[in-house]
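Participant: Handing over protein-v2.txt, compact mmCIF, C-alpha atoms.
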# COMPACT_ATOMS: atom_id res chain seq x y z
CA MET Q 1 147.18 26.10 49.74
CA ALA Q 2 146.56 22.97 51.84
CA LEU Q 3 145.75 20.89 48.76
CA ASP Q 4 148.78 22.35 47.00
CA LEU Q 5 151.03 21.34 49.90
CA LEU Q 6 149.47 17.88 50.14
CA LEU Q 7 149.95 17.18 46.43
CA PHE Q 8 153.47 18.59 46.49
CA GLN Q 9 154.44 16.39 49.43
CA PHE Q 10 153.00 13.32 47.71
CA PHE Q 11 155.14 13.79 44.59
CA TYR Q 12 158.21 15.00 46.46
CA GLN Q 13 158.12 12.02 48.85
CA ILE Q 14 157.97 9.62 45.93
CA ALA Q 15 161.15 11.22 44.61
CA GLU Q 16 162.75 10.99 48.07
CA ARG Q 17 161.90 7.31 48.44
CA LEU Q 18 163.10 6.42 44.95
CA SER Q 19 166.43 8.24 45.08
CA PHE Q 20 167.83 5.98 42.35
CA PHE Q 21 165.15 7.59 40.14
CA ASN Q 22 166.48 11.13 40.72
CA PHE Q 23 168.62 11.12 37.58
CA VAL Q 24 165.52 10.29 35.54
CA LEU Q 25 163.50 13.03 37.27
CA VAL Q 26 166.15 15.65 36.61
CA SER Q 27 166.45 14.51 33.00
CA LEU Q 28 162.69 14.76 32.55
CA ALA Q 29 162.45 18.13 34.31
CA VAL Q 30 165.50 19.83 32.76
CA TYR Q 31 166.45 18.12 29.50
CA LEU Q 32 163.19 16.71 28.10
CA PRO Q 33 161.81 20.22 27.46
CA TRP Q 34 164.70 20.85 25.05
CA LEU Q 35 163.97 17.63 23.15
CA VAL Q 36 160.24 18.37 23.06
CA GLY Q 37 160.92 21.89 21.79
CA ALA Q 38 163.32 20.72 19.09
CA PHE Q 39 160.94 18.01 17.91
CA ALA Q 40 157.98 20.42 17.91
CA LEU Q 41 159.96 22.98 15.95
CA TRP Q 42 160.93 20.35 13.39
CA LEU Q 43 157.33 19.12 13.04
CA LEU Q 44 155.88 22.61 12.82
CA LEU Q 45 158.44 23.77 10.26
CA SER Q 46 158.05 20.64 8.15
CA GLU Q 47 154.27 21.06 8.25
CA MET Q 48 154.60 24.71 7.28
CA VAL Q 49 156.83 23.80 4.32
CA ARG Q 50 154.60 20.89 3.29
CA ARG Q 51 151.45 22.99 3.40
CA ALA Q 52 153.14 26.23 2.32
CA ARG Q 53 151.21 28.13 4.98
CA ILE Q 54 153.29 30.73 6.74
CA HIS Q 55 150.30 31.99 8.73
CA ASP Q 56 150.18 28.66 10.64
CA ALA Q 57 153.73 29.28 11.81
CA LEU Q 58 152.89 32.85 12.75
CA PHE Q 59 149.78 31.71 14.63
CA ASN Q 60 151.83 29.17 16.60
CA ALA Q 61 154.52 31.74 17.32
CA LEU Q 62 151.80 34.06 18.64
CA VAL Q 63 150.50 31.31 20.97
CA LEU Q 64 154.00 30.65 22.34
CA LEU Q 65 154.83 34.34 22.68
CA LEU Q 66 151.57 35.13 24.49
CA SER Q 67 151.87 32.14 26.80
CA ARG Q 68 155.48 32.20 27.92
CA GLY Q 69 156.69 35.58 26.81
CA VAL Q 70 153.83 37.82 27.91
CA ILE Q 71 151.18 36.33 30.19
CA ALA Q 72 153.43 34.04 32.27
CA GLU Q 73 155.93 36.86 32.74
CA ILE Q 74 153.28 39.36 33.82
CA VAL Q 75 151.65 36.91 36.23
CA GLY Q 76 155.05 35.91 37.62
CA PHE Q 77 155.94 39.56 38.17
CA LEU Q 78 152.66 40.25 39.95
CA ILE Q 79 152.71 37.07 42.08
CA ASP Q 80 156.17 36.47 43.47
CA ARG Q 81 155.77 33.09 45.16
CA GLY Q 82 158.68 31.17 46.59
CA ARG Q 83 159.63 27.78 45.28
CA PRO Q 84 158.74 24.78 47.47
CA TYR Q 85 162.34 24.01 48.37
CA GLU Q 86 162.78 27.62 49.56
CA VAL Q 87 159.51 27.81 51.50
CA LEU Q 88 159.77 24.36 53.11
CA GLY Q 89 163.55 24.27 53.53
CA LEU Q 90 163.93 21.13 51.42
CA LYS Q 91 166.85 19.94 49.35
CA PRO Q 92 165.74 20.06 45.70
CA LEU Q 93 167.16 17.83 42.99
CA PHE Q 94 168.18 21.05 41.21
CA THR Q 95 167.59 24.74 41.80
CA ALA Q 96 165.74 27.22 39.64
CA SER Q 97 165.82 30.98 39.54
CA GLY Q 98 162.92 33.36 39.91
CA GLY Q 99 159.54 32.84 41.44
CA SER Q 100 157.59 29.63 41.35
CA PHE Q 101 154.24 30.88 40.07
CA PRO Q 102 153.34 30.22 37.31
CA SER Q 103 155.48 27.48 35.85
CA GLY Q 104 157.11 28.93 32.74
CA HIS Q 105 157.99 25.41 31.59
CA ALA Q 106 154.34 24.34 31.85
CA ALA Q 107 153.15 27.50 30.11
CA LEU Q 108 155.57 26.95 27.24
CA LEU Q 109 155.21 23.19 26.85
CA PHE Q 110 151.42 23.21 27.03
CA ALA Q 111 151.43 26.09 24.52
CA VAL Q 112 153.56 23.90 22.23
CA ALA Q 113 151.00 21.12 22.68
CA PHE Q 114 148.13 23.46 21.79
CA ALA Q 115 150.08 24.71 18.77
CA MET Q 116 150.63 21.12 17.69
CA TRP Q 117 146.91 20.44 18.13
CA HIS Q 118 146.27 23.31 15.77
CA VAL Q 119 148.61 21.93 13.09
CA ARG Q 120 148.99 18.16 13.58
CA ARG Q 121 146.32 16.77 15.88
CA GLU Q 122 147.61 13.22 15.58
CA TRP Q 123 150.79 14.33 17.39
CA ALA Q 124 149.19 16.64 19.93
CA LEU Q 125 148.42 13.99 22.54
CA TRP Q 126 152.12 13.10 22.74
CA PHE Q 127 153.00 16.73 23.35
CA PHE Q 128 150.36 17.07 26.06
CA VAL Q 129 151.73 13.92 27.74
CA ALA Q 130 155.30 15.26 27.49
CA ALA Q 131 154.22 18.59 29.01
CA ALA Q 132 152.48 16.77 31.86
CA VAL Q 133 155.49 14.50 32.49
CA VAL Q 134 157.91 17.43 32.59
CA SER Q 135 155.54 19.35 34.85
CA LEU Q 136 155.14 16.49 37.33
CA ALA Q 137 158.91 15.92 37.32
CA ARG Q 138 159.41 19.57 38.26
CA VAL Q 139 156.98 19.16 41.17
CA ALA Q 140 158.67 15.93 42.33
CA SER Q 141 162.06 17.65 42.04
CA GLY Q 142 160.96 20.31 44.50
CA VAL Q 143 160.98 23.37 42.24
CA HIS Q 144 157.22 23.85 41.65
CA TRP Q 145 153.94 23.64 43.47
CA PRO Q 146 151.15 21.74 41.67
CA SER Q 147 149.16 24.98 41.31
CA ASP Q 148 152.12 26.48 39.39
CA ILE Q 149 151.61 23.76 36.81
CA VAL Q 150 147.85 24.28 36.64
CA ALA Q 151 148.43 28.00 36.16
CA GLY Q 152 150.93 27.28 33.36
CA PHE Q 153 148.39 25.04 31.63
CA LEU Q 154 145.65 27.66 31.96
CA ILE Q 155 147.94 30.38 30.62
CA ALA Q 156 148.71 28.20 27.59
CA LEU Q 157 145.01 27.54 27.03
CA VAL Q 158 144.09 31.23 27.34
CA SER Q 159 146.93 32.13 24.97
CA PHE Q 160 145.73 29.61 22.40
CA LEU Q 161 142.13 30.84 22.63
CA ALA Q 162 143.23 34.49 22.51
CA ALA Q 163 145.33 33.83 19.40
CA LYS Q 164 142.37 32.08 17.73
CA TRP Q 165 140.14 35.03 18.62
CA LEU Q 166 142.66 37.58 17.31
CA VAL Q 167 143.14 35.68 14.07
CA SER Q 168 139.40 35.20 13.55
CA ARG Q 169 138.88 38.95 14.03
CA ARG Q 170 141.56 39.61 11.45
CA GLY Q 171 139.80 37.23 9.06
CA LYS Q 172 136.50 39.04 9.55
CA ALA Q 173 138.20 42.38 8.94
CA GLU Q 174 139.53 41.04 5.65
CA GLY Q 175 136.09 40.18 4.33
CA GLY Q 176 135.42 36.86 6.02
CA ARG Q 177 138.38 35.01 4.56
CA ARG Q 178 139.34 32.15 6.86
CA VAL Q 179 142.87 32.74 8.14
CA VAL Q 180 143.41 29.85 10.55
Written as structure tokens, how would this file's structure read?
Facilitator:
Amino acid sequence: MALDLLLFQFFYQIAERLSFFNFVLVSLAVYLPWLVGAFALWLLLSEMVRRARIHDALFNALVLLLSRGVIAEIVGFLIDRGRPYEVLGLKPLFTASGGSFPSGHAALLFAVAFAMWHVRREWALWFFVAAAVVSLARVASGVHWPSDIVAGFLIALVSFLAAKWLVSRRGKAEGGRRVV
């Protein structure tokens, strides 16, 4: 927890010192995820149409559902951790509902990045960078601890690997035909 607090204070103090930058931080933390999601959806759908492979879309939907819809929700229910601005009595740039751990935004955006890596690797790095930028902006804004972000990333990774495992098992059950 000491490292978590130290890292949080580092990012939060940068935001405090650069108050003119607060609009940018809020935009990155709140609005960039919508743009990233819309762009990812467009890329994934266009790739699905171009390659005529519906199972890619279903695989990616499974990754997103596992990451944000199942695992992050279960972990968040089991570990009800207060947000930094609540615990430390700080004034956040914006407020968020629910517990802090894990970051649902990080879980979803990193899952999108892994899904993009599965379909269009040349674009994946940009999605990983966007997920990291949004995540750091949410820490600097006072709504997440750094470990919330790490947990969101790990949940996305586990979801991606679990989906690959599930799909490979399905392929083996169908006589070894490669599904993903």
Participant: Taking only C-alpha atoms into account, name the residue in Q:Leu41, Q:Ile71, Q:Ala151, Q:Leu88 that is nearest to Q:Met116.
Facilitator: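 Smallest separation from Q:Met116 among the options: Q:Leu41.
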Participant: Have a look at Q:Trp34, Q:Phe10, Q:Trp145, Q:Phe101 and name the one nearest to Q:Val75; count only C-alpha atoms.
Facilitator: Q:Phe101
Participant: Compile a residue-level contact table for stretch 25-131 of chain Q against stretch 156-166 of chain Q at a cut-off of 9 Å, reporting for every qualifying residue the shortest atom pair and its distance in Å to one decimal, with only C-alpha atoms counted, rows ordered by chain and ascending number, as CSV.
Facilitator:
residue,atom,partner,partner_atom,distance
Q:Phe59,CA,Q:Ala163,CA,6.9
Q:Asn60,CA,Q:Phe160,CA,8.4
Q:Leu62,CA,Q:Ala163,CA,6.5
Q:Val63,CA,Q:Phe160,CA,5.3
Q:Leu64,CA,Q:Ser159,CA,7.7
Q:Leu65,CA,Q:Ser159,CA,8.5
Q:Leu66,CA,Q:Ser159,CA,5.5
Q:Ser67,CA,Q:Ala156,CA,5.1
Q:Arg68,CA,Q:Ala156,CA,7.9
Q:Ile71,CA,Q:Ser159,CA,7.9
Q:Ala72,CA,Q:Ala156,CA,8.8
Q:Ala106,CA,Q:Ala156,CA,8.0
Q:Ala107,CA,Q:Ala156,CA,5.2
Q:Leu108,CA,Q:Ala156,CA,7.0
Q:Leu109,CA,Q:Ala156,CA,8.2
Q:Phe110,CA,Q:Ala156,CA,5.7
Q:Ala111,CA,Q:Ala156,CA,4.6
Q:Val112,CA,Q:Ala156,CA,8.4
Q:Ala113,CA,Q:Ala156,CA,8.9
Q:Phe114,CA,Q:Phe160,CA,6.6
Q:Ala115,CA,Q:Phe160,CA,7.5
Participant: What gap, in Å, lies between atom CA of Q:Val36 and atom CA of Q:Ile149?
Facilitator: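 Interatomic distance, atom CA of Q:Val36 to atom CA of Q:Ile149: 17.1 Å.
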Participant: Determine the nearest neighbour of Q:Gly82 from the options Q:Ser46, Q:Ser27, Q:Ser97, Q:Ser168, counting only C-alpha atoms.
Facilitator: Q:Ser97
Participant: Choose the residue, out of Q:Val119, Q:Leu43, Q:Leu5, Q:Ala57, that has the smallest atom-to-atom separation from Q:Asp148; count all atoms listed in the file.
Facilitator: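 Smallest separation from Q:Asp148 among the options: Q:Leu5.
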Participant: Would you fill the gaps in stretch 77-88 of chain Q so it has all heavy atoms, then print it as a short mmCIF file (atom, residue, chain, number, x, y, z; two decimals), in the frame of the given file?
Facilitator:
data_model
loop_
_atom_site.label_atom_id
_atom_site.label_comp_id
_atom_site.auth_asym_id
_atom_site.auth_seq_id
_atom_site.Cartn_x
_atom_site.Cartn_y
_atom_site.Cartn_z
N PHE Q 77 155.52 38.28 37.58
CA PHE Q 77 155.94 39.56 38.17
C PHE Q 77 154.97 40.01 39.25
O PHE Q 77 155.37 40.51 40.30
CB PHE Q 77 156.04 40.62 37.06
CG PHE Q 77 156.43 41.97 37.57
CD1 PHE Q 77 157.74 42.24 37.91
CD2 PHE Q 77 155.47 42.96 37.73
CE1 PHE Q 77 158.10 43.50 38.40
CE2 PHE Q 77 155.82 44.22 38.20
CZ PHE Q 77 157.14 44.49 38.54
N LEU Q 78 153.68 39.82 39.00
CA LEU Q 78 152.66 40.25 39.95
C LEU Q 78 152.55 39.34 41.17
O LEU Q 78 152.23 39.79 42.27
CB LEU Q 78 151.29 40.33 39.26
CG LEU Q 78 151.17 41.37 38.16
CD1 LEU Q 78 149.82 41.25 37.46
CD2 LEU Q 78 151.36 42.77 38.71
N ILE Q 79 152.81 38.04 40.98
CA ILE Q 79 152.71 37.07 42.08
C ILE Q 79 154.08 36.44 42.28
O ILE Q 79 154.44 35.49 41.59
CB ILE Q 79 151.66 35.98 41.77
CG1 ILE Q 79 150.31 36.63 41.50
CG2 ILE Q 79 151.58 34.97 42.91
CD1 ILE Q 79 149.25 35.67 41.00
N ASP Q 80 154.82 36.96 43.21
CA ASP Q 80 156.17 36.47 43.47
C ASP Q 80 156.10 35.42 44.58
O ASP Q 80 156.19 35.74 45.75
CB ASP Q 80 157.10 37.63 43.87
CG ASP Q 80 158.53 37.18 44.01
OD1 ASP Q 80 158.92 36.19 43.35
OD2 ASP Q 80 159.27 37.80 44.79
N ARG Q 81 155.92 34.18 44.19
CA ARG Q 81 155.77 33.09 45.16
C ARG Q 81 157.06 32.28 45.21
O ARG Q 81 157.63 31.95 44.18
CB ARG Q 81 154.60 32.21 44.75
CG ARG Q 81 154.40 31.03 45.68
CD ARG Q 81 153.02 30.49 45.58
NE ARG Q 81 152.97 29.34 44.70
CZ ARG Q 81 151.90 28.58 44.57
NH1 ARG Q 81 150.81 28.85 45.24
NH2 ARG Q 81 151.92 27.55 43.77
N GLY Q 82 157.46 31.95 46.40
CA GLY Q 82 158.68 31.17 46.59
C GLY Q 82 158.52 29.73 46.12
O GLY Q 82 157.43 29.18 46.12
N ARG Q 83 159.63 29.17 45.72
CA ARG Q 83 159.63 27.78 45.28
C ARG Q 83 159.50 26.87 46.50
O ARG Q 83 159.91 27.24 47.60
CB ARG Q 83 160.90 27.48 44.50
CG ARG Q 83 160.95 28.28 43.20
CD ARG Q 83 162.11 27.87 42.33
NE ARG Q 83 162.07 28.62 41.09
CZ ARG Q 83 161.38 28.26 40.01
NH1 ARG Q 83 160.69 27.15 40.03
NH2 ARG Q 83 161.41 28.98 38.92
N PRO Q 84 158.95 25.68 46.33
CA PRO Q 84 158.74 24.78 47.47
C PRO Q 84 160.00 24.51 48.28
O PRO Q 84 159.96 24.51 49.51
CB PRO Q 84 158.22 23.49 46.82
CG PRO Q 84 157.60 23.93 45.55
CD PRO Q 84 158.40 25.11 45.09
N TYR Q 85 161.13 24.30 47.62
CA TYR Q 85 162.34 24.01 48.37
C TYR Q 85 162.79 25.21 49.21
O TYR Q 85 163.39 25.04 50.26
CB TYR Q 85 163.47 23.51 47.47
CG TYR Q 85 164.05 24.51 46.49
CD1 TYR Q 85 165.08 25.37 46.86
CD2 TYR Q 85 163.59 24.58 45.18
CE1 TYR Q 85 165.62 26.27 45.95
CE2 TYR Q 85 164.13 25.47 44.27
CZ TYR Q 85 165.15 26.31 44.66
OH TYR Q 85 165.68 27.19 43.76
N GLU Q 86 162.45 26.43 48.77
CA GLU Q 86 162.78 27.62 49.56
C GLU Q 86 161.82 27.77 50.75
O GLU Q 86 162.25 28.02 51.86
CB GLU Q 86 162.68 28.87 48.68
CG GLU Q 86 163.65 28.90 47.53
CD GLU Q 86 163.33 29.98 46.51
OE1 GLU Q 86 162.16 30.41 46.40
OE2 GLU Q 86 164.27 30.38 45.80
N VAL Q 87 160.54 27.60 50.47
CA VAL Q 87 159.51 27.81 51.50
C VAL Q 87 159.58 26.72 52.58
O VAL Q 87 159.47 27.02 53.77
CB VAL Q 87 158.10 27.83 50.85
CG1 VAL Q 87 157.01 27.86 51.90
CG2 VAL Q 87 157.97 29.01 49.89
N LEU Q 88 159.80 25.49 52.17
CA LEU Q 88 159.77 24.36 53.11
C LEU Q 88 161.15 23.96 53.62
O LEU Q 88 161.26 23.05 54.44
CB LEU Q 88 159.09 23.15 52.46
CG LEU Q 88 157.66 23.38 51.98
CD1 LEU Q 88 157.14 22.16 51.23
CD2 LEU Q 88 156.75 23.71 53.15
#
